[in-house]
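Enquirer: I'd like to ask some things about the structure below.
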Amino acid sequence: MLDIKFSLVTTSPYFKLQFRKLRISGNGPGVAEEPIANQLTVTFNPSDERPLSVRGEIQISNWKHAGLLTDCRPFVVAAPCLEPAWCQQFEDLLRNSALTLEPILRCFPSSGLVAIHAALQVAEQVYVYRMPLKPSFIRPPGMSSRKPLPCAFHNWLGERRLGFSLLRENGPERLIWDSLTPEALTNSGEPTDTDPVTALENLFGQARSDLEGEFAETLNWLAALERRAWACNAEETRLTTLERHFFLSRHNPVTPNWWLFNNRLSAPLDAVLQRLMVCQVDLVGG
């Protein structure tokens with residue numbers, strides 16, 4: 001059990017529990033939820049073609065999507081159904097939630113996780129849709145080796161770890177987040193003495209960019225191992241330690257995680273990451 005506490009009490013008296021229900025619709029796979037009368041829905045980074053809805057949307061844009069020059073205002077909130085003062089206060093709450101989560105994740109959190117953390121401070125029930133927190137790390141062919149995937153700047157293993165913590169602390173009646181846990185998977189593969197978690201730890205610990213071929217061979221082998229081999233050796237502390245190998249720092253131009261820029265390695269790396277995410281579900285009894 002993680003020893004992480006998320007305070008639902010904010011220092012601002014303005015943000016008491018003021019909504020009975022709040023829906024959050026991410027940009028992940030699946031069909032977008034239809035609007036429900038008299039229920040507010042949080043959405044993210046709307047396209048230019050999508051007009052600001054008057055049917056109860058709270059649109060959250062990150063500072064880059066909003067066209068700001070710096071991250072001094074990390075989130076921009078627009079909601080025609082609410083007062084401008086509320087939008088400003090909610091921006092402040094989002095910023096405070098991000099600052100709470102950042103040191104735990106060791107990088108800036110995604111807008112989705114920030115919104116959930118903030119929503120739990122203003123709503124009695126929070127419904128989350130299309131937000132599995134598991135984007136693909138597969139790089140398109142021909143992508144420059146100097147260009148990172150945007151999703152690589154978030155600690156997705158860590159975000160899912162905190163997501164499960166929020167589910168435990170708030171209970172399934174208060175936080176309804178079915179997309180975080182995949183459909184039930186049957187155990188596959190024969191029992192084995194192979195310990196892929198230790199092999200992965202050793203691989204990252206000894207990785208050198210001039211030995212890419214050996215790295216790729218081991219990574220492909222790990223990606224092909226059955227779920228059972230991973231599940232038998234996964235421990236929460238070990239998964240947490242591995243998190244640092246799967247994201248980039250926005251504040252440091254030099255990174256030891258050179259594999260996150262490698263097109264050849266991206267598919268097996270993504271497969272290994274998905275294995276670790278399934279292990280997280282196993283550990284929480286999903």
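Labels used: A, B, ... for chains in the order of the structure tokens, numbers from 1 for residues in each chain, and numbers from 1 for ligands as shown.
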Could you give me the residues within segment 30-128 of chain A that DSSP places in strand (DSSP E), as a list in words?
Expert: Leu40, Thr41, Val42, Thr43, Phe44, Glu57, Ile58, Gln59, Ile60, Ser61, Asn62, Phe75, Val76, Val77, Ala78, Ala123, Glu124, Gln125, Val126, Tyr127 and Val128 of chain A
Enquirer: Next, dump the selected residues to file, keeping only C-alpha atoms, as an mmCIF file, in the first residue's frame.
Expert:
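File again_16.cif, as written:
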```cif
data_model
loop_
_atom_site.group_PDB
_atom_site.id
_atom_site.type_symbol
_atom_site.label_atom_id
_atom_site.label_comp_id
_atom_site.auth_asym_id
_atom_site.auth_seq_id
_atom_site.Cartn_x
_atom_site.Cartn_y
_atom_site.Cartn_z
ATOM 1 C CA LEU A 40 -20.599 19.555 -15.983
ATOM 2 C CA THR A 41 -17.969 17.804 -18.103
ATOM 3 C CA VAL A 42 -14.249 18.605 -18.082
ATOM 4 C CA THR A 43 -12.528 18.294 -21.484
ATOM 5 C CA PHE A 44 -8.953 18.925 -22.590
ATOM 6 C CA GLU A 57 -18.227 22.018 -20.597
ATOM 7 C CA ILE A 58 -15.208 23.084 -18.583
ATOM 8 C CA GLN A 59 -12.378 23.176 -21.111
ATOM 9 C CA ILE A 60 -8.830 22.876 -19.780
ATOM 10 C CA SER A 61 -5.929 23.758 -22.071
ATOM 11 C CA ASN A 62 -2.271 23.469 -21.196
ATOM 12 C CA PHE A 75 -3.511 25.770 -17.329
ATOM 13 C CA VAL A 76 -6.169 27.900 -18.989
ATOM 14 C CA VAL A 77 -9.813 27.229 -18.100
ATOM 15 C CA ALA A 78 -12.830 28.274 -20.157
ATOM 16 C CA ALA A 123 -17.154 17.454 -6.341
ATOM 17 C CA GLU A 124 -18.841 14.763 -4.296
ATOM 18 C CA GLN A 125 -18.536 12.264 -7.150
ATOM 19 C CA VAL A 126 -16.067 12.275 -10.036
ATOM 20 C CA TYR A 127 -16.631 10.182 -13.162
ATOM 21 C CA VAL A 128 -13.608 9.697 -15.434
#
```
Enquirer: Where in segment 98-157 of chain A does DSSP assign alpha helix (DSSP H), given as a count of residues only?
Expert: 19
Enquirer: Of the candidates A:Glu236, A:Glu169, A:Glu34, A:Glu214, which one gets nearest to Val197 of chain A if we count only C-alpha atoms?
Expert: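 With only C-alpha atoms as the atom set, the closest residue is A:Glu236.
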Enquirer: So how far away is atom CA of Arg106 of chain A from atom CA of Phe261 of chain A, in Å?
Expert: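 Interatomic distance here is 19.7 Å.
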Enquirer: So how many Å separate atom CA of Leu265 of chain A and atom CA of Gly205 of chain A, to one decimal?
Expert: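 A separation of 16.6 Å between them.
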Enquirer: Excluding same-chain residues fewer than 4 positions from Arg139 of chain A, what lies within 7 Å of it counting only C-alpha atoms, as a PyMOL selection string?
Expert: chain A and resi 143+263+266
Enquirer: Can you write just those residues out, N, CA and C atoms, as a compact mmCIF listing (two decimals), in the first residue's frame?
Expert:
```
# COMPACT_ATOMS: atom_id res chain seq x y z
N MET A 143 10.98 9.30 -37.83
CA MET A 143 11.00 10.40 -36.87
C MET A 143 12.44 10.71 -36.49
N ASN A 263 13.92 5.05 -32.70
CA ASN A 263 12.78 4.49 -33.42
C ASN A 263 12.77 2.96 -33.39
N SER A 266 11.49 1.57 -30.02
CA SER A 266 10.25 2.10 -29.43
C SER A 266 9.16 1.04 -29.31
```
Enquirer: Enter the distance from atom CA of Phe137 of chain A to atom CA of Asn257 of chain A, in Å, rounded to one decimal.
Expert: 13.2 Å
